[in-house]
Structure formats: C-alpha cells, structure tokens
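Note sheet for the following structure.
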Amino acid sequence: MTGESFVFHIDGVAVTAKPGQTIMEAADAAGIYIPRLCDVEGLRHQGGCRVCTVKADGRSVSACTQPAAPDLKVENDTPARNRVRRDLVEMLFHEGNHLCPICEKSGNCELQAMAYRLEMTVATRFPYLEPCRELDASHPDIALDTNRCISCGRCIRASQDVDGKGVFGYVGRGIHRRVAVNGADLAHTDAAVTDHAMSAAVCPVGCIIRKDEGFRVPIGSRHFDHGLIGHEIEEKRE
Amino acid sequence: MTDPRKARVATVSLAGCFGCHMAILDMDERLIGLMEKVEFDRSPLTDIKTFTRRCDIGIIEGGCCNEENVHTLIEFRKNCDVLIALGQCAIMGGLPAMRNAIMHAAEPLRECLEEAYISGPYLRNMTRLIPNDPVLPLVLDRVYPCSEVVDIDYQIPGCAPSGDIIYSTLATLLDGRFTGFDREDIRFD
C-alpha cells in the first residue's frame with residue numbers, strides 16, 4: 001500500500017485516513033466516537049464484542065477491524081445502529097451478574113458507561129443467566145470475579161502481547177466460552193499486579209479487581225461520572 | 001378538560017433499604033412546588049397502610065423477595081394508573097438479588113437461610129434456628145424484579161436515584177410530557 005491518505009465518510013462527515021487504518025482508528029483521529037468494548041488503545045484489535053458494528057457501504061462490519069477505504073460510506077451514530085448496540089449490551093448484562101450497586105468498578109465500568117451512552121435504563125427483555133462461578137481471591141494483590149466477565153479478551157491480549165506472559169486464555173466454545181487463567185488459580189500463575197493486563201484500563205468491567213483499591217475514589221466522583229464514555233474522543237473534533 | 005384536583009401518589013418499599021424513599025427527599029426545595037400538585041395516599045410517609053381510593057401514580061421501591069411483597073405489588077398495580085419502579089432493586093432486584101446467583105445449589109433456599117442464621121462465620125444466633133414464625137411472610141425462591149411480577153410503566157434507574165432524575169421524571173409525568181431520561185442523568189449506582 002502506498003502512503004497516500006484518502007477520504008471516506010462517516011455519517012456524512014468527511015474523514016481522512018491513511019492506508020491500513022481501520023475505520024475506528026480513522027474515526028478516533030477525526031474525533032468521531034464509535035462505541036466499543038473489546039477494543040482499547042494499545043492492544044491489537046479483536047472484533048469480538050461487535051458493539052462497534054457500523055454499516056460500511058451497506059454491509060455490517062466491525063469498525064475496529066475493517067480497514068477504511070476511499071469513498072466508503074459509513075453509517076455509525078444512527079438510531080438503527082445504536083439499537084443493535086443496545087441489544088448487544090443488554091445481552092451482556094443478562095449473561096453475567098452485573099449488579100452495579102455492589103460492584104466496586106461502578107462508575108469506572110465501560111459496560112455500565114456504554115449502557116448509559118446507549119440509553120439502556122433497564123435490562124429485562126431476556127432471562128438473566130445468573131452464572132455461579134467461584135471467586136478467585138487466591139492471589140495476594142488481585143482477585144477475579146468472572147461472573148462479571150464479558151469475554152472481551154482484553155486481558156488475554158494484554159498479557160500475551162504486552163506482558164509476554166499468557167496468564168489468561170479462552171476456554172470452551174459458543175455460549176460456554178469464557179476467560180480462564182493458565183493455572184489452578186491466579187496464585188498459581190505468574191500474574192503480578194504490575195502487569196499491564198491487571199491495570200485499570202484493561203478490564204472494562206469489575207472482573208479483574210486490584211485489592212485494596214476498591215473505594216478510594218467514591219461513587220459519584222468516578223471516571224464516567226464526569227462525562228459519557230467516548231467524550232474524550234468527541235472533544236477532539238474540530 | 002383539565003382536572004383541577006391534585007394527583008394522588010402512593011409509595012411503598014418492598015425488598016429495598018428505604019434509600020430510594022430517602023432519595024425522594026433529595027429533591028430538596030423542589031418538593032414544595034411538587035407538593036402543590038400531588039397528595040400522598042398509601043405511603044410510609046403518611047403511614048397510611050391501605051389504599052383509601054384509586055391513585056394516579058404508584059412508586060415502588062425494592063423488588064420482591066417474599067410473598068407479602070408480591071401481594072403488595074399486585075395491590076399497587078390494581079390501585080394505580082401509572083406504576084413506577086424506583087431504583088435498581090425495583091428494576092432488577094438489586095442487592096437482595098445477590099442471593100439469586102447462589103440459587104443453583106441443590107437446596108438453594110435452605111443453603112441461603114442456613115448460612116444466614118446457622119453456619120455463617122459472623123453470627124450470634126442463640127436459638128440456632130432459622131426463624132419460622134407463622135407471621136413471617138414466606139421467602140420466595142429468588143428475588144424478582146417488579147416487572148417480572150406486574151406490568152411496570154416507568155423505571156427510574158439509580159442506587160439510589162438522584163433527586164434530579166426523580167424530580168424531572170415526576171414533574172414531566174405530571175405535566176404529561178415525559179419522553180424518557182436524559183442519558184447524562186442515567187446512573188446504576
């Protein structure tokens with residue numbers, strides 16, 4: 001590919017992209033927020049959660065993995081796209097035990113913040129699956145509550161690609177697929193609280209818990225209490 | 001033709017902590033203006049325990065964790081034109097629903113009650129018995145959100161909901177111009 005940048009359109013707005021950039025990378029740079037859960041800056045794209053699904057020339061694609069192309073017409077922030085995203089987020093709420101009032105990630109949780117952004121006030125259209133997975137508090141500095149895991153795989157990629165460890169991995173298939181640790185429990189892995197995989201930015205929900213931090217910042221003063229998820233990207237827009 | 005009478009409001013706390021009722025007070029001085037438009041019927045705030053007549057708005061705090069909660073909620077549905085679930089417990093079970101996740105054991109309710117009254121590590125229960133007085137309402141198999149028991153018209157999120165979201169919802173409902181929540185105001189905590 002040559003280095004010539006080109007123009008494509010997101011919701012009618014002209015966006016400049018370089019060859020090889022994904023739709024989401026170009027949108028981020030242009031200050032257009034495309035909702036996402038499994039994608040985070042600094043990790044390779046996975047295209048797993050499908051929350052970033054956009055219509056590109058009429059086809060549904062995940063914006064985090066689909067390369068931008070000259071003259072592409074992308075539909076992003078429309079009622080139809082956001083309705084599909086809300087359904088996806090709602091189903092994630094039904095799959096795990098997402099009891100915000102008791103979760104220490106509340107206010108810093110991307111799943112919760114995405115629900116706010118997509119105006120999901122109640123999740124009651126589907127039955128709750130109510131998983132009953134055991135809490136792994138074996139590690140002295142880290143606890144895992146996989147009942148809150150949304151299988152985004154961010155910890156897997158962070159541990160493999162950044163930390164070079166492979167503490168986490170997927171096990172099972174289909175509805176039974178979930179994130180597991182590479183050992184009997186977390187204490188029997190080489191996980192350390194200083195790993196990138198354990199940092200607050202990697203786990204979007206309250207599954208990876210760094211001990212002794214929980215309520216240092218009170219509810220009401222947390223990250224997403226100061227603005228909708230994605231507002232930092234939107235503020236870059238000229 | 002507009003009805004000049006005040007809107008009648010009933011409230012109740014089911015499996016809740018009364019925090020949502022406290023949150024109603026967070027409307028602060030706006031309550032004074034609101035009280036010119038509404039009067040309370042059955043409510044812990046008035047200590048009226050049964051409906052004296054049909055109400056326009058019923059506000060429910062808490063989900064259903066025992067049979068009395070279910071009876072009360074059905075009673076509210078029968079006697080209120082508009083039913084509002086106030087707060088996370090009413091909407092999705094909230095804190096009491098933590099017990100739902102352990103309810104996959106062979107005898108889930110027994111296990112839950114035994115830990116609560118007999119085997120839990122921080123207990124001081126001299127009788128070593130699970131309370132079983134006939135006046136106690138029977139505990140349900142799990143905690144149910146209000147909307148799984150009756151039809152709910154509006155659900156105000158929060159734990160507890162802010163005074164702002166309660167006020168804006170009630171004020172716009174009373175004026176007949178409620179169109180949904182401002183997404184900046186939505187909170188689950």
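Naming scheme: A, B, ... for chains in displayed order of the structure tokens; residues 1 onward per chain; ligands 1 onward as shown.
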Write out as JSON lines the residues of chain A that have any atom within 7 Å of an atom of chain B, one row each with the nearest atom pair and its distance in Å to one decimal, counting only C-alpha atoms, sorted by chain and then rising number.
```
{"residue": "A:Leu99", "atom": "CA", "partner": "B:Gly94", "partner_atom": "CA", "distance": 6.4}
{"residue": "A:Cys100", "atom": "CA", "partner": "B:Phe188", "partner_atom": "CA", "distance": 5.9}
{"residue": "A:Pro101", "atom": "CA", "partner": "B:Asp189", "partner_atom": "CA", "distance": 5.0}
{"residue": "A:Ile102", "atom": "CA", "partner": "B:Leu95", "partner_atom": "CA", "distance": 6.7}
{"residue": "A:Ser106", "atom": "CA", "partner": "B:Asp189", "partner_atom": "CA", "distance": 6.7}
{"residue": "A:Tyr116", "atom": "CA", "partner": "B:Ile186", "partner_atom": "CA", "distance": 5.8}
{"residue": "A:Arg117", "atom": "CA", "partner": "B:Arg183", "partner_atom": "CA", "distance": 6.2}
{"residue": "A:Glu119", "atom": "CA", "partner": "B:Arg183", "partner_atom": "CA", "distance": 5.6}
{"residue": "A:Thr121", "atom": "CA", "partner": "B:Pro157", "partner_atom": "CA", "distance": 6.2}
{"residue": "A:Val122", "atom": "CA", "partner": "B:Ile91", "partner_atom": "CA", "distance": 6.8}
{"residue": "A:Glu130", "atom": "CA", "partner": "B:Ala101", "partner_atom": "CA", "distance": 5.3}
{"residue": "A:Pro131", "atom": "CA", "partner": "B:Ala101", "partner_atom": "CA", "distance": 6.3}
{"residue": "A:Cys132", "atom": "CA", "partner": "B:Ala101", "partner_atom": "CA", "distance": 5.5}
{"residue": "A:Leu228", "atom": "CA", "partner": "B:Glu184", "partner_atom": "CA", "distance": 6.9}
```
Just N, CA, C and O atoms for this one: save the residues we selected as a short mmCIF file (atom, residue, chain, number, x, y, z; two decimals), in the first residue's frame.
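Saved as result-v9.cif:
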```cif
data_model
loop_
_atom_site.label_atom_id
_atom_site.label_comp_id
_atom_site.auth_asym_id
_atom_site.auth_seq_id
_atom_site.Cartn_x
_atom_site.Cartn_y
_atom_site.Cartn_z
N LEU A 99 -24.44 -6.52 38.95
CA LEU A 99 -25.19 -5.81 39.97
C LEU A 99 -24.41 -4.54 40.32
O LEU A 99 -23.62 -4.52 41.26
N CYS A 100 -24.65 -3.51 39.53
CA CYS A 100 -23.86 -2.27 39.69
C CYS A 100 -23.78 -1.77 41.12
O CYS A 100 -22.71 -1.35 41.56
N PRO A 101 -24.89 -1.77 41.89
CA PRO A 101 -24.80 -1.19 43.23
C PRO A 101 -23.79 -1.88 44.15
O PRO A 101 -23.34 -1.28 45.12
N ILE A 102 -23.42 -3.15 43.84
CA ILE A 102 -22.48 -3.83 44.73
C ILE A 102 -21.10 -3.98 44.11
O ILE A 102 -20.23 -4.60 44.70
N SER A 106 -18.15 0.12 39.59
CA SER A 106 -19.23 1.03 39.21
C SER A 106 -18.73 2.47 39.09
O SER A 106 -18.04 2.96 39.97
N TYR A 116 -25.19 3.59 29.68
CA TYR A 116 -25.64 4.98 29.83
C TYR A 116 -25.68 5.66 28.46
O TYR A 116 -26.66 6.31 28.11
N ARG A 117 -24.60 5.50 27.72
CA ARG A 117 -24.50 6.19 26.43
C ARG A 117 -25.59 5.74 25.46
O ARG A 117 -26.13 6.53 24.71
N GLU A 119 -28.41 4.68 26.30
CA GLU A 119 -29.70 4.93 26.96
C GLU A 119 -30.43 3.65 27.33
O GLU A 119 -31.63 3.53 27.17
N THR A 121 -31.84 1.78 30.17
CA THR A 121 -32.16 2.00 31.59
C THR A 121 -32.52 0.71 32.28
O THR A 121 -32.33 0.56 33.47
N VAL A 122 -33.06 -0.23 31.55
CA VAL A 122 -33.44 -1.49 32.17
C VAL A 122 -33.04 -2.63 31.26
O VAL A 122 -33.03 -2.50 30.05
N GLU A 130 -27.57 -15.59 35.33
CA GLU A 130 -27.09 -15.73 36.71
C GLU A 130 -26.03 -16.82 36.87
O GLU A 130 -26.26 -17.83 37.53
N PRO A 131 -24.87 -16.64 36.28
CA PRO A 131 -23.82 -17.63 36.46
C PRO A 131 -23.37 -17.69 37.92
O PRO A 131 -23.60 -16.75 38.68
N CYS A 132 -22.81 -18.81 38.30
CA CYS A 132 -22.38 -19.00 39.69
C CYS A 132 -20.94 -19.51 39.67
O CYS A 132 -20.67 -20.66 40.00
N LEU A 228 -19.97 11.19 29.38
CA LEU A 228 -20.31 9.94 28.70
C LEU A 228 -19.05 9.26 28.21
O LEU A 228 -18.05 9.93 27.90
#
```
### Task
Please provide as a list in words all residues within 8 Å of range 21-26 of chain B, with the sequence filter that same-chain residues fewer than 5 positions apart are discarded (counting only C-alpha atoms).
Ser13, Leu31, Glu61, Ala160, Pro161, Ser162, Gly163, Asp164 and Ile166 of chain B
### Query
Do you know which residues are at most 12 Å from Glu115 in chain B counting only C-alpha atoms, after dropping those on the same chain fewer than 4 positions away, and could you put them as a ChimeraX atom specification?
/B:99,102,108-111,119-123,125,128-130
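Here the residues within range 2-132 of chain B that DSSP labels strand (DSSP E) on the basis of the backbone are Ala7, Arg8, Val9, Ala10, Thr11, Val12, Ser13, Val38, Glu39, Phe40, Cys55, Asp56, Ile57, Gly58, Ile59, Ile60, Glu61, Cys64, Cys65, Asn66, Cys80, Asp81, Val82, Leu83, Ile84, Ala85 and Leu86 of chain B.
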Save the residues we just selected, C-alpha atoms, as a PDB file, in the first residue's frame?
```pdb
ATOM      1  CA  ALA B   7     -52.554  13.887  41.587  1.00  0.00           C
ATOM      2  CA  ARG B   8     -52.724  11.112  44.154  1.00  0.00           C
ATOM      3  CA  VAL B   9     -49.461   9.296  44.799  1.00  0.00           C
ATOM      4  CA  ALA B  10     -48.882   6.069  46.719  1.00  0.00           C
ATOM      5  CA  THR B  11     -45.451   4.718  47.607  1.00  0.00           C
ATOM      6  CA  VAL B  12     -44.116   1.537  49.155  1.00  0.00           C
ATOM      7  CA  SER B  13     -40.804  -0.071  49.978  1.00  0.00           C
ATOM      8  CA  VAL B  38     -49.668  15.959  44.444  1.00  0.00           C
ATOM      9  CA  GLU B  39     -51.060  14.458  47.598  1.00  0.00           C
ATOM     10  CA  PHE B  40     -49.970  11.214  49.192  1.00  0.00           C
ATOM     11  CA  CYS B  55     -54.242   6.642  42.852  1.00  0.00           C
ATOM     12  CA  ASP B  56     -52.708   8.222  39.785  1.00  0.00           C
ATOM     13  CA  ILE B  57     -49.120   7.234  40.478  1.00  0.00           C
ATOM     14  CA  GLY B  58     -47.684   4.343  42.459  1.00  0.00           C
ATOM     15  CA  ILE B  59     -43.985   4.428  43.293  1.00  0.00           C
ATOM     16  CA  ILE B  60     -42.346   1.103  44.139  1.00  0.00           C
ATOM     17  CA  GLU B  61     -39.002   0.788  45.868  1.00  0.00           C
ATOM     18  CA  CYS B  64     -39.995  -8.977  45.517  1.00  0.00           C
ATOM     19  CA  CYS B  65     -38.205 -11.309  47.914  1.00  0.00           C
ATOM     20  CA  ASN B  66     -41.215 -12.686  49.804  1.00  0.00           C
ATOM     21  CA  CYS B  80     -52.628   2.841  40.492  1.00  0.00           C
ATOM     22  CA  ASP B  81     -52.938   4.155  36.957  1.00  0.00           C
ATOM     23  CA  VAL B  82     -49.211   4.552  36.482  1.00  0.00           C
ATOM     24  CA  LEU B  83     -46.681   2.361  38.261  1.00  0.00           C
ATOM     25  CA  ILE B  84     -43.084   3.499  38.648  1.00  0.00           C
ATOM     26  CA  ALA B  85     -40.242   1.217  39.709  1.00  0.00           C
ATOM     27  CA  LEU B  86     -37.842   3.475  41.599  1.00  0.00           C
TER      28      LEU B  86
END
```
### Selection near range 192-207 of chain A, 9 Å with only C-alpha atoms, sequence-local residues under 5 positions removed, as number ranges by chain
A: 37-38, 40, 98, 103-106, 108-112, 139, 141-150, 152-160, 162-163, 167-168
Write the selection just made, keeping C-alpha atoms, as an mmCIF file, in the first residue's frame?
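The resulting file, selection.cif, is shown below:
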```cif
data_model
loop_
_atom_site.group_PDB
_atom_site.id
_atom_site.type_symbol
_atom_site.label_atom_id
_atom_site.label_comp_id
_atom_site.auth_asym_id
_atom_site.auth_seq_id
_atom_site.Cartn_x
_atom_site.Cartn_y
_atom_site.Cartn_z
ATOM 1 C CA LEU A 37 -15.991 -2.712 24.389
ATOM 2 C CA CYS A 38 -13.410 -5.300 23.288
ATOM 3 C CA VAL A 40 -8.858 -0.485 23.700
ATOM 4 C CA HIS A 98 -23.852 -7.190 36.707
ATOM 5 C CA CYS A 103 -19.642 -3.649 42.214
ATOM 6 C CA GLU A 104 -16.522 -1.664 43.067
ATOM 7 C CA LYS A 105 -15.955 -0.887 39.381
ATOM 8 C CA SER A 106 -19.233 1.030 39.214
ATOM 9 C CA ASN A 108 -15.367 3.281 36.081
ATOM 10 C CA CYS A 109 -17.037 0.401 34.252
ATOM 11 C CA GLU A 110 -17.138 0.601 30.468
ATOM 12 C CA LEU A 111 -20.069 -1.807 30.185
ATOM 13 C CA GLN A 112 -22.100 0.381 32.533
ATOM 14 C CA HIS A 139 -3.541 -14.034 44.553
ATOM 15 C CA ASP A 141 -2.876 -8.495 45.156
ATOM 16 C CA ILE A 142 -5.510 -9.448 42.595
ATOM 17 C CA ALA A 143 -8.967 -11.019 42.725
ATOM 18 C CA LEU A 144 -11.024 -12.381 39.849
ATOM 19 C CA ASP A 145 -14.811 -12.347 39.745
ATOM 20 C CA THR A 146 -15.536 -13.960 36.399
ATOM 21 C CA ASN A 147 -19.273 -13.640 36.977
ATOM 22 C CA ARG A 148 -18.726 -10.106 35.724
ATOM 23 C CA CYS A 149 -16.552 -11.095 32.754
ATOM 24 C CA ILE A 150 -17.871 -10.112 29.318
ATOM 25 C CA CYS A 152 -13.847 -9.208 25.668
ATOM 26 C CA GLY A 153 -10.385 -10.787 25.765
ATOM 27 C CA ARG A 154 -8.580 -7.547 26.561
ATOM 28 C CA CYS A 155 -6.734 -9.179 29.474
ATOM 29 C CA ILE A 156 -5.737 -12.079 27.214
ATOM 30 C CA ARG A 157 -4.213 -9.768 24.608
ATOM 31 C CA ALA A 158 -2.581 -7.543 27.227
ATOM 32 C CA SER A 159 -1.000 -10.486 29.000
ATOM 33 C CA GLN A 160 0.207 -12.151 25.793
ATOM 34 C CA VAL A 162 2.348 -6.574 26.297
ATOM 35 C CA ASP A 163 3.412 -8.593 29.328
ATOM 36 C CA VAL A 167 -1.855 -15.524 32.176
ATOM 37 C CA PHE A 168 -5.317 -15.559 30.597
#
```
### Task
Find the distance between CA of Ser138 in chain A and CA of Asp185 in chain A and write it in Å to one decimal.
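Result for CA of Ser138 in chain A versus CA of Asp185 in chain A: 6.7 Å, one decimal.
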### Task
May I have the residues within 10 Å of Thr52 in chain B as an MDAnalysis selection string, using only C-alpha atoms and disregarding those fewer than 4 positions away in the same chain?
chainID B and resid 41:42 48 79
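Computed from the coordinates, the CA of Cys52 in chain A to CA of Ala113 in chain A distance equals 14.6 Å.
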### Message
Can you tell me which residues surround Arg222 in chain A at a distance of at most 9 Å, considering only C-alpha atoms, apart from same-chain residues fewer than 3 positions away, and format the answer as a PyMOL selection string?
### Response
chain A and resi 106-108+217-219+225-226
I need the chosen residues saved as a PDB file, in the first residue's frame, with all heavy atoms.
```pdb
ATOM      1  N   SER A 106     -18.148   0.124  39.585  1.00  0.00           N
ATOM      2  CA  SER A 106     -19.233   1.030  39.214  1.00  0.00           C
ATOM      3  C   SER A 106     -18.729   2.468  39.091  1.00  0.00           C
ATOM      4  O   SER A 106     -18.041   2.962  39.971  1.00  0.00           O
ATOM      5  CB  SER A 106     -20.342   0.956  40.265  1.00  0.00           C
ATOM      6  OG  SER A 106     -21.476   1.638  39.815  1.00  0.00           O
ATOM      7  N   GLY A 107     -19.053   3.113  38.001  1.00  0.00           N
ATOM      8  CA  GLY A 107     -18.573   4.473  37.763  1.00  0.00           C
ATOM      9  C   GLY A 107     -17.321   4.503  36.912  1.00  0.00           C
ATOM     10  O   GLY A 107     -17.055   5.482  36.224  1.00  0.00           O
ATOM     11  N   ASN A 108     -16.535   3.411  36.958  1.00  0.00           N
ATOM     12  CA  ASN A 108     -15.367   3.281  36.081  1.00  0.00           C
ATOM     13  C   ASN A 108     -15.575   2.157  35.070  1.00  0.00           C
ATOM     14  O   ASN A 108     -14.642   1.784  34.367  1.00  0.00           O
ATOM     15  CB  ASN A 108     -14.110   2.968  36.906  1.00  0.00           C
ATOM     16  CG  ASN A 108     -13.703   4.135  37.783  1.00  0.00           C
ATOM     17  OD1 ASN A 108     -13.833   5.289  37.386  1.00  0.00           O
ATOM     18  ND2 ASN A 108     -13.226   3.843  38.986  1.00  0.00           N
ATOM     19  N   VAL A 217     -11.697   6.092  45.355  1.00  0.00           N
ATOM     20  CA  VAL A 217     -12.454   7.194  44.746  1.00  0.00           C
ATOM     21  C   VAL A 217     -13.924   6.889  44.978  1.00  0.00           C
ATOM     22  O   VAL A 217     -14.400   5.824  44.598  1.00  0.00           O
ATOM     23  CB  VAL A 217     -12.167   7.300  43.233  1.00  0.00           C
ATOM     24  CG1 VAL A 217     -12.947   8.446  42.615  1.00  0.00           C
ATOM     25  CG2 VAL A 217     -10.683   7.476  42.994  1.00  0.00           C
ATOM     26  N   PRO A 218     -14.652   7.792  45.634  1.00  0.00           N
ATOM     27  CA  PRO A 218     -16.036   7.457  45.970  1.00  0.00           C
ATOM     28  C   PRO A 218     -16.947   7.417  44.742  1.00  0.00           C
ATOM     29  O   PRO A 218     -16.673   8.064  43.730  1.00  0.00           O
ATOM     30  CB  PRO A 218     -16.459   8.584  46.922  1.00  0.00           C
ATOM     31  CG  PRO A 218     -15.531   9.703  46.639  1.00  0.00           C
ATOM     32  CD  PRO A 218     -14.248   9.098  46.168  1.00  0.00           C
ATOM     33  N   ILE A 219     -18.024   6.634  44.853  1.00  0.00           N
ATOM     34  CA  ILE A 219     -19.080   6.603  43.840  1.00  0.00           C
ATOM     35  C   ILE A 219     -19.564   8.044  43.647  1.00  0.00           C
ATOM     36  O   ILE A 219     -19.758   8.761  44.621  1.00  0.00           O
ATOM     37  CB  ILE A 219     -20.248   5.725  44.342  1.00  0.00           C
ATOM     38  CG1 ILE A 219     -19.810   4.297  44.593  1.00  0.00           C
ATOM     39  CG2 ILE A 219     -21.461   5.810  43.421  1.00  0.00           C
ATOM     40  CD1 ILE A 219     -19.730   3.390  43.422  1.00  0.00           C
ATOM     41  N   ASP A 225     -18.591   9.461  35.786  1.00  0.00           N
ATOM     42  CA  ASP A 225     -19.482  10.445  36.407  1.00  0.00           C
ATOM     43  C   ASP A 225     -19.216  11.823  35.823  1.00  0.00           C
ATOM     44  O   ASP A 225     -19.990  12.754  36.017  1.00  0.00           O
ATOM     45  CB  ASP A 225     -19.280  10.475  37.922  1.00  0.00           C
ATOM     46  CG  ASP A 225     -19.821   9.214  38.576  1.00  0.00           C
ATOM     47  OD1 ASP A 225     -20.921   8.785  38.193  1.00  0.00           O
ATOM     48  OD2 ASP A 225     -19.135   8.641  39.439  1.00  0.00           O
ATOM     49  N   HIS A 226     -18.078  11.954  35.113  1.00  0.00           N
ATOM     50  CA  HIS A 226     -17.704  13.271  34.582  1.00  0.00           C
ATOM     51  C   HIS A 226     -18.041  13.421  33.106  1.00  0.00           C
ATOM     52  O   HIS A 226     -17.733  14.441  32.507  1.00  0.00           O
ATOM     53  CB  HIS A 226     -16.208  13.507  34.799  1.00  0.00           C
ATOM     54  CG  HIS A 226     -15.807  13.401  36.239  1.00  0.00           C
ATOM     55  ND1 HIS A 226     -16.321  14.231  37.205  1.00  0.00           N
ATOM     56  CD2 HIS A 226     -14.981  12.542  36.883  1.00  0.00           C
ATOM     57  CE1 HIS A 226     -15.821  13.893  38.382  1.00  0.00           C
ATOM     58  NE2 HIS A 226     -14.999  12.862  38.215  1.00  0.00           N
TER      59      HIS A 226
END
```
